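Note sheet for the following structure.
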Amino acid sequence: MIDRQAPVQRALVIHPLRSDASASRDPELRLIEASGLAEALDLEVADARLEPLRQVRPGAYFGTGKIEEIKAHCEELKVEVLILDDQMSPVQQRNLEKELQVKVVDRTGLILEIFARRARTREGRLQVELARLSYEKSRLVKTWTHLERQRGGTGKTGGPGERQIELDRRMIADKILKLKKELEEVKRTRALQRASRKRVPYPVIALVGYTNAGKSTLFNRAASADVLAKDMPFATLDTTLRAVRTPTGRDVILSDTVGFITDLPTELVAAFRATLEEVAQADLLVHVRDIAHAESDNQRRDVELVLDRVLSEHESRPPLIEAWNKIDALDEDGAAFVRARAAASGLDGTAQGLCVSALTGEGVKDLFALIDSELALDARPVDLVIGPDQGAARAWLFRKGAVRHEETDEQGFTHLKVRLTADDAARFVAQWPQILSEVPFVPLGEVPEPVHFLEA
């Protein structure tokens, strides 16, 4: 029998304690996160350690003494890969590999490798490949020198011709150009799909958040889906859409997006712009936070930084609410404190927070009730009378979750109190102009509470 399974490589994970680094993140937690990223690549973490670093050396990142110490540690542990939880220049990475005689991977390369393994759809593979090539373009080394063009002869000395490393760079540049063209086609296709959804039309709710915050678990519970959900970084990459009905009967499209992380590589943000357009075009963003994590607030800031980069080219950004997930992972006192914080959220201009547990289902019904109310903020009440032969109009209103009260008179006419946004009112008029065109679009006073047709 031939063993075709790749051997497990041992890795040493190092998080440098730089004197010029920001102290906003706990180094121990950053080290744990980096170890989790290494394990997500099926590496065996032989050791994970913090290394004090007074100054980053331009040649090999570490100084000579520190390199000797790390080399001895690598030989003792018999590791084959060094994971450095920081960004390195191509020169630093190449020189450090020569000194240590092991493969060196920085934080950007580690995340890119995880993305390359997890991408499943053609779009995801295109985006990852573009990001990888953009990252590796400056990291080519001179290896295939025997393939370089030879000097001229016949008595005259010609030039050396095109070197192999120059040829490699040109080939990568050509491939990047090709990938960008293919991704433009993907972007155009996504735009057509969004235009098709707007004609239906259903509001789009995008789940965003830090990696491993529980977005896919919440998505599966809400949409009865089977998206991969594991306790690991970047378990899913490809955007998934599902139709979901809220407790008031409103049909919405729920979108599960790729997770964010601290120091998300610029190459990935640029390459995944076609996917992240779903975030920019959403009607509402639900920021899923791991509220049980010790650095939940810092993770929130990291997500907001990425959102700012993604939405910077758009005039307006969708409204945002927060789902404080994993409330079940806290003890009784901790959960009570977090619930008190959630109750006070949204009063100082911050996003409204709601405690949920995607695992047990606690608070999910309330979350979708909050989504309902956010989507109806710009809706106004309208009285309608629908004839017995206009059942399609009545069904449309119920699918939109717009109906607040319904009565049927002796002649069979249905009297409805509904709440419609200006866009929905315009769509309703386009399909049934005889019903709404003569109805004044003005408030009717107090409107009954929404009727919950389905339990969450």
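Identifiers in this document derive from the order of the structure tokens: chains are assigned A, B, ..., residues are numbered from 1 separately in each chain, and ligands are numbered from 1 in order of occurrence.
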
- Task: Give me the residues within 6 Å of stretch 253-268 of chain A as JSON, numbers by chain, counting only C-alpha atoms and dropping any in the same chain fewer than 4 places off.
- Result: {"A": [108, 131, 204, 205, 206, 207, 209, 210, 211, 237, 239, 240, 241, 242, 243, 244, 272, 302]}

Next, the residues of the selection above should be written as a PDB file, in the first residue's frame with N, CA, C and O atoms.
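For reference, result_8.pdb as written:
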```
ATOM      1  N   THR A 108       0.890  37.269   6.691  1.00  0.00           N
ATOM      2  CA  THR A 108       0.178  37.401   5.419  1.00  0.00           C
ATOM      3  C   THR A 108       0.208  36.100   4.630  1.00  0.00           C
ATOM      4  O   THR A 108      -0.822  35.643   4.123  1.00  0.00           O
ATOM      5  N   ALA A 131      -4.691  37.116  -5.118  1.00  0.00           N
ATOM      6  CA  ALA A 131      -4.030  37.605  -3.906  1.00  0.00           C
ATOM      7  C   ALA A 131      -2.672  36.936  -3.718  1.00  0.00           C
ATOM      8  O   ALA A 131      -1.685  37.580  -3.348  1.00  0.00           O
ATOM      9  N   VAL A 204     -31.605  42.456   1.630  1.00  0.00           N
ATOM     10  CA  VAL A 204     -30.434  41.602   1.827  1.00  0.00           C
ATOM     11  C   VAL A 204     -29.811  41.932   3.178  1.00  0.00           C
ATOM     12  O   VAL A 204     -29.495  43.092   3.459  1.00  0.00           O
ATOM     13  N   ILE A 205     -29.651  40.908   4.008  1.00  0.00           N
ATOM     14  CA  ILE A 205     -29.043  41.052   5.334  1.00  0.00           C
ATOM     15  C   ILE A 205     -27.695  40.344   5.285  1.00  0.00           C
ATOM     16  O   ILE A 205     -27.634  39.127   5.079  1.00  0.00           O
ATOM     17  N   ALA A 206     -26.600  41.073   5.454  1.00  0.00           N
ATOM     18  CA  ALA A 206     -25.258  40.494   5.385  1.00  0.00           C
ATOM     19  C   ALA A 206     -24.701  40.292   6.782  1.00  0.00           C
ATOM     20  O   ALA A 206     -24.679  41.217   7.593  1.00  0.00           O
ATOM     21  N   LEU A 207     -24.266  39.058   7.065  1.00  0.00           N
ATOM     22  CA  LEU A 207     -23.593  38.752   8.327  1.00  0.00           C
ATOM     23  C   LEU A 207     -22.101  39.033   8.155  1.00  0.00           C
ATOM     24  O   LEU A 207     -21.450  38.480   7.269  1.00  0.00           O
ATOM     25  N   GLY A 209     -18.239  39.941  10.449  1.00  0.00           N
ATOM     26  CA  GLY A 209     -17.653  39.776  11.773  1.00  0.00           C
ATOM     27  C   GLY A 209     -16.273  39.167  11.710  1.00  0.00           C
ATOM     28  O   GLY A 209     -15.772  38.774  10.645  1.00  0.00           O
ATOM     29  N   TYR A 210     -15.657  39.075  12.865  1.00  0.00           N
ATOM     30  CA  TYR A 210     -14.328  38.489  13.010  1.00  0.00           C
ATOM     31  C   TYR A 210     -14.410  36.999  12.717  1.00  0.00           C
ATOM     32  O   TYR A 210     -15.457  36.358  12.918  1.00  0.00           O
ATOM     33  N   THR A 211     -13.328  36.440  12.202  1.00  0.00           N
ATOM     34  CA  THR A 211     -13.335  35.009  11.933  1.00  0.00           C
ATOM     35  C   THR A 211     -13.576  34.211  13.226  1.00  0.00           C
ATOM     36  O   THR A 211     -13.111  34.584  14.297  1.00  0.00           O
ATOM     37  N   LEU A 237     -15.204  30.422   3.316  1.00  0.00           N
ATOM     38  CA  LEU A 237     -14.752  31.613   2.599  1.00  0.00           C
ATOM     39  C   LEU A 237     -15.780  32.117   1.606  1.00  0.00           C
ATOM     40  O   LEU A 237     -15.938  33.311   1.407  1.00  0.00           O
ATOM     41  N   THR A 239     -19.117  33.222  -0.196  1.00  0.00           N
ATOM     42  CA  THR A 239     -20.372  33.837   0.217  1.00  0.00           C
ATOM     43  C   THR A 239     -21.548  32.929  -0.126  1.00  0.00           C
ATOM     44  O   THR A 239     -21.622  32.373  -1.225  1.00  0.00           O
ATOM     45  N   THR A 240     -22.455  32.749   0.830  1.00  0.00           N
ATOM     46  CA  THR A 240     -23.638  31.917   0.641  1.00  0.00           C
ATOM     47  C   THR A 240     -24.882  32.751   0.908  1.00  0.00           C
ATOM     48  O   THR A 240     -24.921  33.523   1.867  1.00  0.00           O
ATOM     49  N   LEU A 241     -25.896  32.589   0.056  1.00  0.00           N
ATOM     50  CA  LEU A 241     -27.152  33.328   0.190  1.00  0.00           C
ATOM     51  C   LEU A 241     -28.301  32.349   0.385  1.00  0.00           C
ATOM     52  O   LEU A 241     -28.361  31.310  -0.271  1.00  0.00           O
ATOM     53  N   ARG A 242     -29.210  32.694   1.299  1.00  0.00           N
ATOM     54  CA  ARG A 242     -30.398  31.879   1.515  1.00  0.00           C
ATOM     55  C   ARG A 242     -31.585  32.805   1.804  1.00  0.00           C
ATOM     56  O   ARG A 242     -31.427  33.857   2.429  1.00  0.00           O
ATOM     57  N   ALA A 243     -32.759  32.392   1.355  1.00  0.00           N
ATOM     58  CA  ALA A 243     -33.988  33.129   1.667  1.00  0.00           C
ATOM     59  C   ALA A 243     -34.460  32.729   3.059  1.00  0.00           C
ATOM     60  O   ALA A 243     -34.476  31.551   3.413  1.00  0.00           O
ATOM     61  N   VAL A 244     -34.818  33.718   3.866  1.00  0.00           N
ATOM     62  CA  VAL A 244     -35.258  33.493   5.250  1.00  0.00           C
ATOM     63  C   VAL A 244     -36.527  34.296   5.482  1.00  0.00           C
ATOM     64  O   VAL A 244     -36.666  35.416   4.971  1.00  0.00           O
ATOM     65  N   PHE A 272     -10.733  40.200  -2.901  1.00  0.00           N
ATOM     66  CA  PHE A 272     -12.084  39.786  -2.531  1.00  0.00           C
ATOM     67  C   PHE A 272     -13.094  40.930  -2.668  1.00  0.00           C
ATOM     68  O   PHE A 272     -14.191  40.851  -2.125  1.00  0.00           O
ATOM     69  N   ASP A 302     -11.306  45.992  14.792  1.00  0.00           N
ATOM     70  CA  ASP A 302     -10.660  45.451  13.595  1.00  0.00           C
ATOM     71  C   ASP A 302     -11.663  45.247  12.462  1.00  0.00           C
ATOM     72  O   ASP A 302     -11.369  45.530  11.299  1.00  0.00           O
TER      73      ASP A 302
END
```

Do a neighbour search on A:Leu420 at 7 Å with only C-alpha atoms, toss out local chain neighbours closer than 4 positions, and write the hits as a CSV table (one decimal) with N, CA, C and O atoms, in the first residue's frame.
```csv
chain,number,residue,atom,x,y,z
A,379,ALA,N,-40.6,53.0,6.9
A,379,ALA,CA,-41.9,52.6,6.4
A,379,ALA,C,-43.0,53.5,7.0
A,379,ALA,O,-42.9,54.0,8.1
A,380,ARG,N,-44.1,53.7,6.2
A,380,ARG,CA,-45.2,54.5,6.7
A,380,ARG,C,-46.5,53.7,6.6
A,380,ARG,O,-46.6,52.9,5.7
A,381,PRO,N,-47.4,54.0,7.5
A,381,PRO,CA,-48.6,53.2,7.5
A,381,PRO,C,-49.6,53.6,6.4
A,381,PRO,O,-49.7,54.8,6.0
A,402,ALA,N,-45.5,43.3,5.5
A,402,ALA,CA,-46.0,44.6,5.6
A,402,ALA,C,-47.3,44.7,6.4
A,402,ALA,O,-47.7,45.8,6.8
A,424,ASP,N,-41.0,50.1,-1.6
A,424,ASP,CA,-42.0,49.0,-1.7
A,424,ASP,C,-43.4,49.6,-2.2
A,424,ASP,O,-44.1,48.9,-3.0
A,425,ALA,N,-43.7,50.8,-1.8
A,425,ALA,CA,-44.9,51.4,-2.3
A,425,ALA,C,-44.9,51.6,-3.8
A,425,ALA,O,-45.8,51.4,-4.5
```

- Task: Determine the nearest neighbour of A:Leu397 from the options A:Lys78, A:Arg250, A:Arg117, A:His287, counting only C-alpha atoms.
- Result: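 For A:Leu397, the nearest of the given residues is A:Arg250.
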
- Skipping near chain neighbours, those fewer than 4 positions away, what residues fall within 6 Å of stretch 27-44 of chain A using only C-alpha atoms, listed as a list in words? Gln9, Arg10, Ala11 and His15 of chain A

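Summary of the local environment: counting only C-alpha atoms, residues at most 9 Å from A:Glu295, other than itself and those fewer than 5 positions away along its chain, are Arg25, Asp26, Leu29, Asp290 and Arg300 of chain A.
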
- Message: Let me make sure I understand: among A:Cys355, A:Ile83, A:Ala344, A:Val8, which one has the smallest atom-to-atom distance to A:Ile327 if we use only C-alpha atoms?
- Response: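 Result for the nearest residue to A:Ile327: A:Cys355.
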
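If you measure from each of A:Arg57, A:Glu129, A:Leu112, A:Val13 to A:Glu80 using only C-alpha atoms, the closest one turns out to be A:Val13.
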
- Item | Residue list (helix (DSSP H, G or I), DSSP) for stretch 165-387 of chain A, as a ChimeraX atom specification | /A:165-199,215-223,266-271,273-280,296-311,327-329,332-344,364-375

Would you save the residues of that selection, restricted to C-alpha atoms, as a compact mmCIF listing (two decimals), in the first residue's frame?
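To be explicit, this is the file written out as result04.txt:
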```
# COMPACT_ATOMS: atom_id res chain seq x y z
CA ILE A 165 13.67 35.74 -12.90
CA GLU A 166 12.59 38.52 -15.26
CA LEU A 167 10.71 35.97 -17.34
CA ASP A 168 9.00 34.64 -14.21
CA ARG A 169 7.95 38.14 -13.20
CA ARG A 170 6.54 38.80 -16.65
CA MET A 171 4.60 35.53 -16.60
CA ILE A 172 3.15 36.37 -13.17
CA ALA A 173 2.22 39.88 -14.35
CA ASP A 174 0.43 38.38 -17.39
CA LYS A 175 -1.43 35.91 -15.18
CA ILE A 176 -2.46 38.66 -12.74
CA LEU A 177 -3.84 40.67 -15.66
CA LYS A 178 -5.80 37.64 -16.85
CA LEU A 179 -7.19 36.95 -13.36
CA LYS A 180 -8.28 40.58 -12.98
CA LYS A 181 -10.20 40.34 -16.25
CA GLU A 182 -11.90 37.14 -15.10
CA LEU A 183 -12.79 38.74 -11.77
CA GLU A 184 -14.27 41.73 -13.60
CA GLU A 185 -16.55 39.24 -15.33
CA VAL A 186 -17.42 37.77 -11.92
CA LYS A 187 -18.16 41.27 -10.63
CA ARG A 188 -20.42 41.94 -13.63
CA THR A 189 -22.26 38.66 -13.04
CA ARG A 190 -22.77 39.51 -9.37
CA ALA A 191 -24.12 42.93 -10.36
CA LEU A 192 -26.64 41.24 -12.66
CA GLN A 193 -27.63 38.85 -9.87
CA ARG A 194 -28.15 41.78 -7.48
CA ALA A 195 -30.23 43.58 -10.09
CA SER A 196 -32.33 40.43 -10.49
CA ARG A 197 -32.84 40.22 -6.71
CA LYS A 198 -33.90 43.87 -6.61
CA ARG A 199 -36.63 43.12 -9.12
CA LYS A 215 -21.46 33.69 11.62
CA SER A 216 -21.92 30.36 9.83
CA THR A 217 -23.53 28.75 12.88
CA LEU A 218 -26.00 31.63 13.12
CA PHE A 219 -26.58 31.42 9.36
CA ASN A 220 -27.31 27.68 9.56
CA ARG A 221 -29.77 28.12 12.42
CA ALA A 222 -31.62 31.00 10.77
CA ALA A 223 -31.70 29.57 7.24
CA THR A 266 -4.22 44.21 1.69
CA GLU A 267 -3.96 41.72 -1.19
CA LEU A 268 -6.96 39.82 0.15
CA VAL A 269 -9.13 42.90 0.58
CA ALA A 270 -8.37 43.94 -3.00
CA ALA A 271 -8.86 40.45 -4.45
CA ARG A 273 -13.65 43.11 -3.53
CA ALA A 274 -16.13 41.32 -5.82
CA THR A 275 -17.34 39.21 -2.89
CA LEU A 276 -17.28 42.08 -0.41
CA GLU A 277 -19.51 44.09 -2.75
CA GLU A 278 -22.32 42.01 -1.22
CA VAL A 279 -21.59 43.84 2.04
CA ALA A 280 -21.67 47.26 0.39
CA SER A 296 -14.22 41.17 21.74
CA ASP A 297 -14.02 44.98 21.74
CA ASN A 298 -10.67 44.95 19.92
CA GLN A 299 -12.05 42.50 17.38
CA ARG A 300 -14.96 44.86 16.86
CA ARG A 301 -12.55 47.68 16.02
CA ASP A 302 -10.66 45.45 13.59
CA VAL A 303 -13.89 44.56 11.78
CA GLU A 304 -14.86 48.23 11.59
CA LEU A 305 -11.47 49.07 10.05
CA VAL A 306 -11.98 46.46 7.31
CA LEU A 307 -15.55 47.68 6.71
CA ASP A 308 -14.23 51.22 6.33
CA ARG A 309 -11.80 49.97 3.67
CA VAL A 310 -14.50 48.03 1.85
CA LEU A 311 -17.13 50.79 1.98
CA ILE A 327 -23.63 34.34 25.40
CA ASP A 328 -23.98 30.69 26.45
CA ALA A 329 -20.18 30.47 26.88
CA GLU A 332 -24.03 33.56 35.10
CA ASP A 333 -22.41 36.77 36.35
CA GLY A 334 -20.64 37.42 33.06
CA ALA A 335 -23.81 36.86 31.05
CA ALA A 336 -25.77 39.23 33.32
CA PHE A 337 -23.13 41.93 32.87
CA VAL A 338 -23.13 41.53 29.07
CA ARG A 339 -26.94 41.64 28.91
CA ALA A 340 -26.89 44.88 30.87
CA ARG A 341 -24.36 46.32 28.39
CA ALA A 342 -26.53 45.20 25.47
CA ALA A 343 -29.60 46.86 26.99
CA ALA A 344 -27.71 50.15 27.21
CA VAL A 364 -32.25 34.48 17.58
CA LYS A 365 -35.99 35.21 17.41
CA ASP A 366 -35.41 38.61 19.06
CA LEU A 367 -32.57 39.30 16.62
CA PHE A 368 -34.85 38.87 13.64
CA ALA A 369 -37.52 40.97 15.31
CA LEU A 370 -34.88 43.71 15.60
CA ILE A 371 -33.98 43.19 11.93
CA ASP A 372 -37.67 43.59 11.09
CA SER A 373 -37.90 46.86 12.97
CA GLU A 374 -34.69 48.20 11.38
CA LEU A 375 -35.95 47.40 7.89
```

- Task: Find the residues around A:Gly109 up to 10 Å (only C-alpha atoms counted), leave out those fewer than 4 positions away in its own chain, and share them as a PyMOL selection string.
- Result: chain A and resi 83-84+86-88+104-105+113-115+132+135-136+265

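Counting only C-alpha atoms, the residue from A:Gln127, A:Thr414, A:Ser357, A:Asn95 that sits nearest to A:Gly63 is A:Asn95.
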
- Message: So that I can see what lies close to A:Thr64, please list as a PyMOL selection string the residues with an atom at most 12 Å from it, counting only C-alpha atoms and leaving out residues fewer than 5 positions away in the same chain.
- Response: chain A and resi 56-57+59+69-71+95-96+99-100

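Of the residues listed (A:Asn325, A:Gln411, A:Ser134, A:Thr246), A:Asn325 shows the shortest atom-to-atom separation from A:Arg289; distances use only C-alpha atoms.
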